[in-house]
>>> print(open('target37.cif').read())   # mmCIF, N, CA and C atoms
data_start
loop_
_atom_site.label_atom_id
_atom_site.label_comp_id
_atom_site.auth_asym_id
_atom_site.auth_seq_id
_atom_site.Cartn_x
_atom_site.Cartn_y
_atom_site.Cartn_z
N MET A 1 -96.96 29.87 17.55
CA MET A 1 -96.02 29.18 16.69
C MET A 1 -94.87 30.13 16.34
N PRO A 2 -93.63 29.73 16.59
CA PRO A 2 -92.49 30.61 16.32
C PRO A 2 -92.35 30.92 14.82
N VAL A 3 -91.92 32.13 14.54
CA VAL A 3 -91.72 32.61 13.17
C VAL A 3 -90.23 32.56 12.85
N ASP A 4 -89.88 31.84 11.77
CA ASP A 4 -88.49 31.83 11.30
C ASP A 4 -88.31 33.05 10.41
N LEU A 5 -87.16 33.71 10.56
CA LEU A 5 -86.95 34.92 9.76
C LEU A 5 -85.54 35.03 9.25
N LEU A 6 -85.37 35.90 8.25
CA LEU A 6 -84.09 36.16 7.61
C LEU A 6 -83.76 37.63 7.79
N ILE A 7 -82.57 37.90 8.34
CA ILE A 7 -82.07 39.27 8.47
C ILE A 7 -81.04 39.49 7.37
N VAL A 8 -81.26 40.55 6.56
CA VAL A 8 -80.37 40.84 5.44
C VAL A 8 -79.76 42.22 5.66
N ASP A 9 -78.46 42.26 5.92
CA ASP A 9 -77.75 43.51 6.14
C ASP A 9 -76.27 43.24 5.92
N ASP A 10 -75.57 44.16 5.27
CA ASP A 10 -74.15 43.94 5.02
C ASP A 10 -73.30 44.14 6.27
N SER A 11 -73.88 44.65 7.33
CA SER A 11 -73.17 44.83 8.59
C SER A 11 -73.46 43.66 9.53
N VAL A 12 -72.41 42.90 9.86
CA VAL A 12 -72.56 41.79 10.80
C VAL A 12 -73.04 42.35 12.15
N ALA A 13 -72.53 43.51 12.55
CA ALA A 13 -72.91 44.10 13.83
C ALA A 13 -74.41 44.40 13.88
N VAL A 14 -74.96 44.94 12.81
CA VAL A 14 -76.40 45.25 12.78
C VAL A 14 -77.20 43.95 12.85
N ARG A 15 -76.76 42.92 12.15
CA ARG A 15 -77.47 41.64 12.21
C ARG A 15 -77.49 41.08 13.63
N LYS A 16 -76.36 41.19 14.32
CA LYS A 16 -76.28 40.69 15.70
C LYS A 16 -77.15 41.54 16.63
N VAL A 17 -77.14 42.86 16.45
CA VAL A 17 -77.98 43.75 17.27
C VAL A 17 -79.45 43.40 17.06
N LEU A 18 -79.85 43.19 15.82
CA LEU A 18 -81.25 42.83 15.55
C LEU A 18 -81.62 41.50 16.23
N GLN A 19 -80.73 40.54 16.17
CA GLN A 19 -81.03 39.26 16.83
C GLN A 19 -81.21 39.46 18.33
N ARG A 20 -80.34 40.27 18.94
CA ARG A 20 -80.45 40.53 20.38
C ARG A 20 -81.76 41.25 20.70
N LEU A 21 -82.11 42.25 19.89
CA LEU A 21 -83.35 43.00 20.13
C LEU A 21 -84.59 42.11 19.95
N LEU A 22 -84.53 41.19 19.01
CA LEU A 22 -85.66 40.27 18.82
C LEU A 22 -85.87 39.43 20.07
N ARG A 23 -84.78 38.99 20.70
CA ARG A 23 -84.92 38.23 21.95
C ARG A 23 -85.46 39.14 23.07
N GLN A 24 -84.93 40.36 23.14
CA GLN A 24 -85.38 41.30 24.17
C GLN A 24 -86.85 41.67 23.99
N ALA A 25 -87.30 41.72 22.76
CA ALA A 25 -88.69 42.09 22.46
C ALA A 25 -89.66 40.98 22.84
N GLU A 26 -89.13 39.81 23.18
CA GLU A 26 -89.94 38.66 23.59
C GLU A 26 -91.00 38.29 22.55
N LEU A 27 -90.61 38.34 21.29
CA LEU A 27 -91.49 37.91 20.21
C LEU A 27 -91.27 36.41 19.97
N PRO A 28 -92.29 35.70 19.51
CA PRO A 28 -92.14 34.27 19.26
C PRO A 28 -91.35 33.98 17.99
N VAL A 29 -90.05 34.19 18.08
CA VAL A 29 -89.16 34.01 16.93
C VAL A 29 -88.52 32.64 17.02
N GLY A 30 -88.51 31.93 15.91
CA GLY A 30 -87.88 30.61 15.83
C GLY A 30 -86.44 30.77 15.36
N ASP A 31 -86.12 30.15 14.24
CA ASP A 31 -84.77 30.24 13.68
C ASP A 31 -84.57 31.59 13.01
N VAL A 32 -83.37 32.14 13.21
CA VAL A 32 -83.00 33.40 12.58
C VAL A 32 -81.82 33.13 11.67
N PHE A 33 -82.00 33.41 10.38
CA PHE A 33 -80.96 33.22 9.39
C PHE A 33 -80.42 34.59 8.99
N GLU A 34 -79.21 34.62 8.44
CA GLU A 34 -78.58 35.87 8.07
C GLU A 34 -78.09 35.83 6.64
N ALA A 35 -78.06 37.02 6.01
CA ALA A 35 -77.47 37.19 4.69
C ALA A 35 -76.84 38.57 4.64
N GLY A 36 -75.73 38.70 3.89
CA GLY A 36 -75.00 39.95 3.82
C GLY A 36 -75.43 40.88 2.71
N ASP A 37 -76.27 40.40 1.79
CA ASP A 37 -76.79 41.23 0.71
C ASP A 37 -77.98 40.51 0.07
N GLY A 38 -78.59 41.15 -0.89
CA GLY A 38 -79.78 40.59 -1.51
C GLY A 38 -79.53 39.28 -2.24
N GLN A 39 -78.36 39.15 -2.86
CA GLN A 39 -78.06 37.92 -3.58
C GLN A 39 -77.94 36.75 -2.61
N GLU A 40 -77.23 36.97 -1.47
CA GLU A 40 -77.14 35.93 -0.44
C GLU A 40 -78.53 35.61 0.11
N ALA A 41 -79.37 36.63 0.22
CA ALA A 41 -80.72 36.42 0.73
C ALA A 41 -81.51 35.50 -0.19
N LEU A 42 -81.43 35.73 -1.50
CA LEU A 42 -82.16 34.86 -2.44
C LEU A 42 -81.66 33.42 -2.35
N THR A 43 -80.36 33.25 -2.18
CA THR A 43 -79.80 31.90 -2.01
C THR A 43 -80.34 31.27 -0.74
N ALA A 44 -80.36 32.04 0.35
CA ALA A 44 -80.88 31.53 1.63
C ALA A 44 -82.36 31.19 1.52
N LEU A 45 -83.11 32.03 0.83
CA LEU A 45 -84.55 31.79 0.68
C LEU A 45 -84.84 30.56 -0.17
N ALA A 46 -83.94 30.23 -1.08
CA ALA A 46 -84.12 29.02 -1.89
C ALA A 46 -83.86 27.77 -1.06
N ALA A 47 -83.06 27.91 0.01
CA ALA A 47 -82.68 26.76 0.82
C ALA A 47 -83.52 26.60 2.09
N ARG A 48 -84.16 27.69 2.54
CA ARG A 48 -84.87 27.67 3.82
C ARG A 48 -86.24 28.30 3.69
N LYS A 49 -87.14 27.84 4.50
CA LYS A 49 -88.49 28.42 4.56
C LYS A 49 -88.51 29.41 5.72
N VAL A 50 -88.81 30.66 5.42
CA VAL A 50 -88.96 31.68 6.46
C VAL A 50 -90.32 32.35 6.30
N GLN A 51 -90.78 32.95 7.38
CA GLN A 51 -92.08 33.63 7.35
C GLN A 51 -91.94 35.15 7.35
N LEU A 52 -90.70 35.67 7.45
CA LEU A 52 -90.49 37.11 7.52
C LEU A 52 -89.07 37.43 7.12
N VAL A 53 -88.90 38.55 6.38
CA VAL A 53 -87.57 39.03 5.99
C VAL A 53 -87.42 40.46 6.49
N LEU A 54 -86.30 40.73 7.15
CA LEU A 54 -85.92 42.09 7.56
C LEU A 54 -84.71 42.45 6.73
N THR A 55 -84.79 43.54 5.96
CA THR A 55 -83.67 43.88 5.08
C THR A 55 -83.31 45.35 5.11
N ASP A 56 -82.02 45.60 4.99
CA ASP A 56 -81.50 46.93 4.79
C ASP A 56 -81.72 47.29 3.32
N ILE A 57 -81.50 48.55 2.96
CA ILE A 57 -81.56 48.94 1.56
C ILE A 57 -80.17 48.96 0.95
N ASN A 58 -79.26 49.73 1.53
CA ASN A 58 -77.92 49.92 0.96
C ASN A 58 -77.01 48.75 1.29
N MET A 59 -76.76 47.91 0.28
CA MET A 59 -75.88 46.76 0.41
C MET A 59 -75.19 46.53 -0.92
N PRO A 60 -74.01 45.90 -0.90
CA PRO A 60 -73.32 45.59 -2.17
C PRO A 60 -74.04 44.46 -2.91
N ASN A 61 -73.67 44.26 -4.14
CA ASN A 61 -74.17 43.17 -5.00
C ASN A 61 -75.64 43.30 -5.36
N MET A 62 -76.52 43.32 -4.37
CA MET A 62 -77.94 43.53 -4.62
C MET A 62 -78.54 44.25 -3.42
N ASP A 63 -79.12 45.42 -3.66
CA ASP A 63 -79.68 46.18 -2.54
C ASP A 63 -81.05 45.64 -2.12
N GLY A 64 -81.56 46.18 -1.02
CA GLY A 64 -82.81 45.70 -0.46
C GLY A 64 -84.02 45.94 -1.34
N LEU A 65 -84.02 47.04 -2.10
CA LEU A 65 -85.16 47.30 -2.98
C LEU A 65 -85.20 46.30 -4.13
N GLU A 66 -84.02 45.95 -4.66
CA GLU A 66 -83.98 44.96 -5.72
C GLU A 66 -84.36 43.58 -5.17
N LEU A 67 -83.92 43.27 -3.96
CA LEU A 67 -84.34 42.02 -3.32
C LEU A 67 -85.86 41.98 -3.21
N LEU A 68 -86.45 43.07 -2.75
CA LEU A 68 -87.90 43.15 -2.62
C LEU A 68 -88.58 42.95 -3.97
N ARG A 69 -88.07 43.60 -5.02
CA ARG A 69 -88.61 43.44 -6.37
C ARG A 69 -88.60 41.98 -6.79
N ARG A 70 -87.46 41.34 -6.59
CA ARG A 70 -87.33 39.94 -7.01
C ARG A 70 -88.22 39.02 -6.20
N MET A 71 -88.32 39.26 -4.91
CA MET A 71 -89.20 38.43 -4.09
C MET A 71 -90.65 38.58 -4.52
N LYS A 72 -91.10 39.79 -4.77
CA LYS A 72 -92.50 40.02 -5.15
C LYS A 72 -92.79 39.50 -6.55
N GLY A 73 -91.72 39.31 -7.36
CA GLY A 73 -91.89 38.75 -8.70
C GLY A 73 -91.78 37.24 -8.76
N ASP A 74 -91.52 36.62 -7.62
CA ASP A 74 -91.34 35.18 -7.55
C ASP A 74 -92.55 34.56 -6.83
N GLY A 75 -93.26 33.70 -7.50
CA GLY A 75 -94.47 33.11 -6.93
C GLY A 75 -94.26 32.39 -5.62
N SER A 76 -93.08 31.83 -5.41
CA SER A 76 -92.84 31.09 -4.17
C SER A 76 -92.39 32.01 -3.03
N LEU A 77 -92.05 33.26 -3.32
CA LEU A 77 -91.55 34.18 -2.29
C LEU A 77 -92.45 35.39 -2.05
N ARG A 78 -93.37 35.66 -2.97
CA ARG A 78 -94.11 36.92 -2.91
C ARG A 78 -94.98 37.08 -1.66
N GLN A 79 -95.36 35.98 -1.03
CA GLN A 79 -96.22 36.08 0.15
C GLN A 79 -95.44 36.34 1.45
N ILE A 80 -94.12 36.28 1.40
CA ILE A 80 -93.31 36.50 2.61
C ILE A 80 -93.26 38.01 2.88
N PRO A 81 -93.71 38.45 4.05
CA PRO A 81 -93.63 39.88 4.37
C PRO A 81 -92.17 40.34 4.47
N VAL A 82 -91.91 41.53 3.96
CA VAL A 82 -90.58 42.12 4.01
C VAL A 82 -90.67 43.45 4.73
N ILE A 83 -89.87 43.59 5.79
CA ILE A 83 -89.77 44.84 6.53
C ILE A 83 -88.42 45.46 6.18
N ILE A 84 -88.44 46.70 5.73
CA ILE A 84 -87.20 47.43 5.44
C ILE A 84 -86.72 48.09 6.73
N ILE A 85 -85.43 47.90 7.02
CA ILE A 85 -84.80 48.55 8.18
C ILE A 85 -83.58 49.28 7.63
N SER A 86 -83.65 50.63 7.57
CA SER A 86 -82.60 51.36 6.86
C SER A 86 -82.45 52.78 7.36
N THR A 87 -81.28 53.35 7.09
CA THR A 87 -81.06 54.78 7.33
C THR A 87 -81.69 55.60 6.21
N GLU A 88 -81.99 54.96 5.08
CA GLU A 88 -82.62 55.63 3.94
C GLU A 88 -84.08 55.87 4.25
N GLY A 89 -84.35 56.94 5.00
CA GLY A 89 -85.71 57.16 5.44
C GLY A 89 -86.43 58.30 4.75
N GLY A 90 -85.90 58.76 3.61
CA GLY A 90 -86.57 59.82 2.88
C GLY A 90 -87.93 59.36 2.38
N LYS A 91 -88.84 60.32 2.24
CA LYS A 91 -90.21 60.00 1.84
C LYS A 91 -90.26 59.21 0.53
N SER A 92 -89.45 59.59 -0.46
CA SER A 92 -89.49 58.90 -1.75
C SER A 92 -89.00 57.46 -1.61
N THR A 93 -88.00 57.22 -0.78
CA THR A 93 -87.50 55.86 -0.57
C THR A 93 -88.53 55.01 0.13
N VAL A 94 -89.13 55.56 1.17
CA VAL A 94 -90.17 54.83 1.90
C VAL A 94 -91.33 54.51 0.97
N MET A 95 -91.76 55.49 0.19
CA MET A 95 -92.88 55.27 -0.74
C MET A 95 -92.53 54.20 -1.78
N GLU A 96 -91.29 54.25 -2.30
CA GLU A 96 -90.89 53.24 -3.28
C GLU A 96 -90.94 51.84 -2.67
N ALA A 97 -90.42 51.71 -1.45
CA ALA A 97 -90.43 50.41 -0.77
C ALA A 97 -91.87 49.92 -0.58
N LEU A 98 -92.74 50.79 -0.14
CA LEU A 98 -94.13 50.40 0.09
C LEU A 98 -94.83 50.05 -1.23
N GLU A 99 -94.55 50.81 -2.28
CA GLU A 99 -95.15 50.52 -3.58
C GLU A 99 -94.66 49.19 -4.14
N LEU A 100 -93.41 48.81 -3.81
CA LEU A 100 -92.88 47.53 -4.26
C LEU A 100 -93.44 46.36 -3.46
N GLY A 101 -94.12 46.67 -2.34
CA GLY A 101 -94.75 45.62 -1.58
C GLY A 101 -94.19 45.40 -0.18
N ALA A 102 -93.32 46.30 0.30
CA ALA A 102 -92.81 46.16 1.66
C ALA A 102 -93.97 46.20 2.65
N ALA A 103 -93.87 45.37 3.69
CA ALA A 103 -94.92 45.32 4.70
C ALA A 103 -94.72 46.37 5.78
N GLY A 104 -93.58 47.05 5.76
CA GLY A 104 -93.30 48.08 6.75
C GLY A 104 -91.90 48.63 6.58
N PHE A 105 -91.63 49.70 7.33
CA PHE A 105 -90.36 50.39 7.24
C PHE A 105 -89.96 50.84 8.64
N ILE A 106 -88.73 50.52 9.05
CA ILE A 106 -88.19 50.96 10.33
C ILE A 106 -86.92 51.75 10.03
N ARG A 107 -86.84 52.94 10.56
CA ARG A 107 -85.67 53.79 10.32
C ARG A 107 -84.59 53.49 11.36
N LYS A 108 -83.35 53.33 10.88
CA LYS A 108 -82.19 53.20 11.77
C LYS A 108 -81.83 54.59 12.28
N PRO A 109 -81.37 54.73 13.50
CA PRO A 109 -81.26 53.71 14.53
C PRO A 109 -82.65 53.37 15.08
N PHE A 110 -82.81 52.15 15.55
CA PHE A 110 -84.10 51.65 16.01
C PHE A 110 -84.00 51.23 17.47
N THR A 111 -85.15 51.05 18.09
CA THR A 111 -85.21 50.62 19.49
C THR A 111 -85.91 49.26 19.56
N THR A 112 -85.78 48.64 20.70
CA THR A 112 -86.49 47.37 20.93
C THR A 112 -88.00 47.57 20.78
N ASP A 113 -88.51 48.68 21.30
CA ASP A 113 -89.95 48.94 21.20
C ASP A 113 -90.39 49.08 19.75
N GLN A 114 -89.60 49.76 18.93
CA GLN A 114 -89.95 49.90 17.51
C GLN A 114 -89.98 48.54 16.82
N ILE A 115 -88.98 47.71 17.12
CA ILE A 115 -88.94 46.37 16.53
C ILE A 115 -90.16 45.57 16.98
N ARG A 116 -90.44 45.58 18.27
CA ARG A 116 -91.59 44.83 18.82
C ARG A 116 -92.89 45.31 18.19
N ASP A 117 -93.08 46.62 18.14
CA ASP A 117 -94.34 47.17 17.63
C ASP A 117 -94.54 46.82 16.15
N LYS A 118 -93.48 46.91 15.36
CA LYS A 118 -93.60 46.66 13.92
C LYS A 118 -93.76 45.17 13.61
N LEU A 119 -93.09 44.32 14.39
CA LEU A 119 -93.10 42.89 14.08
C LEU A 119 -94.21 42.11 14.76
N ARG A 120 -94.86 42.72 15.73
CA ARG A 120 -95.91 42.02 16.50
C ARG A 120 -96.96 41.40 15.58
N GLN A 121 -97.34 42.10 14.53
CA GLN A 121 -98.39 41.58 13.65
C GLN A 121 -97.93 40.38 12.83
N PHE A 122 -96.62 40.13 12.76
CA PHE A 122 -96.10 39.03 11.95
C PHE A 122 -95.65 37.85 12.81
N CYS A 123 -95.48 38.08 14.11
CA CYS A 123 -94.96 37.03 15.01
C CYS A 123 -96.02 36.61 16.01
#
>>> encode(input="target37.cif", output="structure tokens")
Amino acid sequence: MPVDLLIVDDSVAVRKVLQRLLRQAELPVGDVFEAGDGQEALTALAARKVQLVLTDINMPNMDGLELLRRMKGDGSLRQIPVIIISTEGGKSTVMEALELGAAGFIRKPFTTDQIRDKLRQFC
């Protein structure tokens, strides 16, 4: 069964690269939605049902960690796995994301194999 997902990144280019890599990874992905920051992501999540969120950390308006906090605090969103994809790969940042409930962390720049390996358990 295809998995619908939301890509959250302030870079349109990164969102497009991720979509291309998801196709190359041959994962059973259904609809792919996009948001430019955490606030747009919450709006998208209120309007659409997705089974997975991929989010950057550093974004305007609402960063990825705050998005993760809000999702885990919302009964209707807390069960959606969130994978962080970011250049912020310091140990403290990774630990904070995992403590907040992130299902995984991928450091930018990433490869198709890294995306496939990390997302296989969700797709």
>>> resolve_selection(input="target37.cif", expression="the PyMOL selection byres ((chain A and resi 2) around 6.5)", output="PyMOL selection string")
chain A and resi 1+3-4+28-31
>>> residues_around(input="target37.cif", residues="range 35-47 of chain A", least_positions_apart="2", cutoff="6.5 Å", atoms="all atoms listed in the file", output="PyMOL selection string")
chain A and resi 6-11+33+49-50+59-64+67
>>> resolve_selection(input="target37.cif", expression="the PyMOL selection byres ((chain A and resi 117-121) around 8)", output="list in words")
Ala25, Leu27, Pro28, Ala103, Gly104, Phe105, Ile106, Thr111, Thr112, Asp113, Gln114, Ile115, Arg116, Phe122 and Cys123 of chain A
>>> atom_distance(input="target37.cif", atom1="CA of Pro81 in chain A", atom2="CA of Leu52 in chain A")
5.2 Å
>>> residues_around(input="target37.cif", residues="Gly101 in chain A", least_positions_apart="2", cutoff="8 Å", atoms="all atoms listed in the file", output="list in words")
Leu68, Arg69, Lys72, Pro81, Val82, Ile83, Met95, Glu96, Ala97, Leu98, Glu99, Ala103 and Gly104 of chain A
>>> write_last_selection(input="target37.cif", atoms="N, CA and C atoms", output="PDB file, in the coordinates of the input")
ATOM      1  N   LEU A  68     -86.450  43.070  -2.750  1.00  0.00           N
ATOM      2  CA  LEU A  68     -87.900  43.150  -2.620  1.00  0.00           C
ATOM      3  C   LEU A  68     -88.580  42.950  -3.970  1.00  0.00           C
ATOM      4  N   ARG A  69     -88.070  43.600  -5.020  1.00  0.00           N
ATOM      5  CA  ARG A  69     -88.610  43.440  -6.370  1.00  0.00           C
ATOM      6  C   ARG A  69     -88.600  41.980  -6.790  1.00  0.00           C
ATOM      7  N   LYS A  72     -91.100  39.790  -4.770  1.00  0.00           N
ATOM      8  CA  LYS A  72     -92.500  40.020  -5.150  1.00  0.00           C
ATOM      9  C   LYS A  72     -92.790  39.500  -6.550  1.00  0.00           C
ATOM     10  N   PRO A  81     -93.710  38.450   4.050  1.00  0.00           N
ATOM     11  CA  PRO A  81     -93.630  39.880   4.370  1.00  0.00           C
ATOM     12  C   PRO A  81     -92.170  40.340   4.470  1.00  0.00           C
ATOM     13  N   VAL A  82     -91.910  41.530   3.960  1.00  0.00           N
ATOM     14  CA  VAL A  82     -90.580  42.120   4.010  1.00  0.00           C
ATOM     15  C   VAL A  82     -90.670  43.450   4.730  1.00  0.00           C
ATOM     16  N   ILE A  83     -89.870  43.590   5.790  1.00  0.00           N
ATOM     17  CA  ILE A  83     -89.770  44.840   6.530  1.00  0.00           C
ATOM     18  C   ILE A  83     -88.420  45.460   6.180  1.00  0.00           C
ATOM     19  N   MET A  95     -91.760  55.490   0.190  1.00  0.00           N
ATOM     20  CA  MET A  95     -92.880  55.270  -0.740  1.00  0.00           C
ATOM     21  C   MET A  95     -92.530  54.200  -1.780  1.00  0.00           C
ATOM     22  N   GLU A  96     -91.290  54.250  -2.300  1.00  0.00           N
ATOM     23  CA  GLU A  96     -90.890  53.240  -3.280  1.00  0.00           C
ATOM     24  C   GLU A  96     -90.940  51.840  -2.670  1.00  0.00           C
ATOM     25  N   ALA A  97     -90.420  51.710  -1.450  1.00  0.00           N
ATOM     26  CA  ALA A  97     -90.430  50.410  -0.770  1.00  0.00           C
ATOM     27  C   ALA A  97     -91.870  49.920  -0.580  1.00  0.00           C
ATOM     28  N   LEU A  98     -92.740  50.790  -0.140  1.00  0.00           N
ATOM     29  CA  LEU A  98     -94.130  50.400   0.090  1.00  0.00           C
ATOM     30  C   LEU A  98     -94.830  50.050  -1.230  1.00  0.00           C
ATOM     31  N   GLU A  99     -94.550  50.810  -2.280  1.00  0.00           N
ATOM     32  CA  GLU A  99     -95.150  50.520  -3.580  1.00  0.00           C
ATOM     33  C   GLU A  99     -94.660  49.190  -4.140  1.00  0.00           C
ATOM     34  N   ALA A 103     -93.870  45.370   3.690  1.00  0.00           N
ATOM     35  CA  ALA A 103     -94.920  45.320   4.700  1.00  0.00           C
ATOM     36  C   ALA A 103     -94.720  46.370   5.780  1.00  0.00           C
ATOM     37  N   GLY A 104     -93.580  47.050   5.760  1.00  0.00           N
ATOM     38  CA  GLY A 104     -93.300  48.080   6.750  1.00  0.00           C
ATOM     39  C   GLY A 104     -91.900  48.630   6.580  1.00  0.00           C
TER      40      GLY A 104
END
>>> residues_near_point(input="target37.cif", point="(-85.2, 45.6, 1.9)", cutoff="5 Å", atoms="all atoms listed in the file", output="PyMOL selection string")
chain A and resi 55-57+64-65+84
>>> atom_distance(input="target37.cif", atom1="CA of Gln51 in chain A", atom2="CA of Arg78 in chain A")
11.0 Å
>>> atom_distance(input="target37.cif", atom1="CA of Ser76 in chain A", atom2="CA of Lys91 in chain A")
29.6 Å
>>> select_by_dssp(input="target37.cif", residues="range 11-76 of chain A", states="helix (DSSP H, G or I)", output="tab-separated table (two decimals) with N, CA and C atoms, in the frame of the given file")
chain	number	residue	atom	x	y	z
A	12	VAL	N	-72.41	42.90	9.86
A	12	VAL	CA	-72.56	41.79	10.80
A	12	VAL	C	-73.04	42.35	12.15
A	13	ALA	N	-72.53	43.51	12.55
A	13	ALA	CA	-72.91	44.10	13.83
A	13	ALA	C	-74.41	44.40	13.88
A	14	VAL	N	-74.96	44.94	12.81
A	14	VAL	CA	-76.40	45.25	12.78
A	14	VAL	C	-77.20	43.95	12.85
A	15	ARG	N	-76.76	42.92	12.15
A	15	ARG	CA	-77.47	41.64	12.21
A	15	ARG	C	-77.49	41.08	13.63
A	16	LYS	N	-76.36	41.19	14.32
A	16	LYS	CA	-76.28	40.69	15.70
A	16	LYS	C	-77.15	41.54	16.63
A	17	VAL	N	-77.14	42.86	16.45
A	17	VAL	CA	-77.98	43.75	17.27
A	17	VAL	C	-79.45	43.40	17.06
A	18	LEU	N	-79.85	43.19	15.82
A	18	LEU	CA	-81.25	42.83	15.55
A	18	LEU	C	-81.62	41.50	16.23
A	19	GLN	N	-80.73	40.54	16.17
A	19	GLN	CA	-81.03	39.26	16.83
A	19	GLN	C	-81.21	39.46	18.33
A	20	ARG	N	-80.34	40.27	18.94
A	20	ARG	CA	-80.45	40.53	20.38
A	20	ARG	C	-81.76	41.25	20.70
A	21	LEU	N	-82.11	42.25	19.89
A	21	LEU	CA	-83.35	43.00	20.13
A	21	LEU	C	-84.59	42.11	19.95
A	22	LEU	N	-84.53	41.19	19.01
A	22	LEU	CA	-85.66	40.27	18.82
A	22	LEU	C	-85.87	39.43	20.07
A	23	ARG	N	-84.78	38.99	20.70
A	23	ARG	CA	-84.92	38.23	21.95
A	23	ARG	C	-85.46	39.14	23.07
A	24	GLN	N	-84.93	40.36	23.14
A	24	GLN	CA	-85.38	41.30	24.17
A	24	GLN	C	-86.85	41.67	23.99
A	38	GLY	N	-78.59	41.15	-0.89
A	38	GLY	CA	-79.78	40.59	-1.51
A	38	GLY	C	-79.53	39.28	-2.24
A	39	GLN	N	-78.36	39.15	-2.86
A	39	GLN	CA	-78.06	37.92	-3.58
A	39	GLN	C	-77.94	36.75	-2.61
A	40	GLU	N	-77.23	36.97	-1.47
A	40	GLU	CA	-77.14	35.93	-0.44
A	40	GLU	C	-78.53	35.61	0.11
A	41	ALA	N	-79.37	36.63	0.22
A	41	ALA	CA	-80.72	36.42	0.73
A	41	ALA	C	-81.51	35.50	-0.19
A	42	LEU	N	-81.43	35.73	-1.50
A	42	LEU	CA	-82.16	34.86	-2.44
A	42	LEU	C	-81.66	33.42	-2.35
A	43	THR	N	-80.36	33.25	-2.18
A	43	THR	CA	-79.80	31.90	-2.01
A	43	THR	C	-80.34	31.27	-0.74
A	44	ALA	N	-80.36	32.04	0.35
A	44	ALA	CA	-80.88	31.53	1.63
A	44	ALA	C	-82.36	31.19	1.52
A	45	LEU	N	-83.11	32.03	0.83
A	45	LEU	CA	-84.55	31.79	0.68
A	45	LEU	C	-84.84	30.56	-0.17
A	46	ALA	N	-83.94	30.23	-1.08
A	46	ALA	CA	-84.12	29.02	-1.89
A	46	ALA	C	-83.86	27.77	-1.06
A	47	ALA	N	-83.06	27.91	0.01
A	47	ALA	CA	-82.68	26.76	0.82
A	47	ALA	C	-83.52	26.60	2.09
A	64	GLY	N	-81.56	46.18	-1.02
A	64	GLY	CA	-82.81	45.70	-0.46
A	64	GLY	C	-84.02	45.94	-1.34
A	65	LEU	N	-84.02	47.04	-2.10
A	65	LEU	CA	-85.16	47.30	-2.98
A	65	LEU	C	-85.20	46.30	-4.13
A	66	GLU	N	-84.02	45.95	-4.66
A	66	GLU	CA	-83.98	44.96	-5.72
A	66	GLU	C	-84.36	43.58	-5.17
A	67	LEU	N	-83.92	43.27	-3.96
A	67	LEU	CA	-84.34	42.02	-3.32
A	67	LEU	C	-85.86	41.98	-3.21
A	68	LEU	N	-86.45	43.07	-2.75
A	68	LEU	CA	-87.90	43.15	-2.62
A	68	LEU	C	-88.58	42.95	-3.97
A	69	ARG	N	-88.07	43.60	-5.02
A	69	ARG	CA	-88.61	43.44	-6.37
A	69	ARG	C	-88.60	41.98	-6.79
A	70	ARG	N	-87.46	41.34	-6.59
A	70	ARG	CA	-87.33	39.94	-7.01
A	70	ARG	C	-88.22	39.02	-6.20
A	71	MET	N	-88.32	39.26	-4.91
A	71	MET	CA	-89.20	38.43	-4.09
A	71	MET	C	-90.65	38.58	-4.52
A	72	LYS	N	-91.10	39.79	-4.77
A	72	LYS	CA	-92.50	40.02	-5.15
A	72	LYS	C	-92.79	39.50	-6.55
>>> resolve_selection(input="target37.cif", expression="the PyMOL selection byres (((chain A and resi 107 and name CA) around 8) and name CA)", output="PyMOL selection string")
chain A and resi 85-89+105-106+108-110
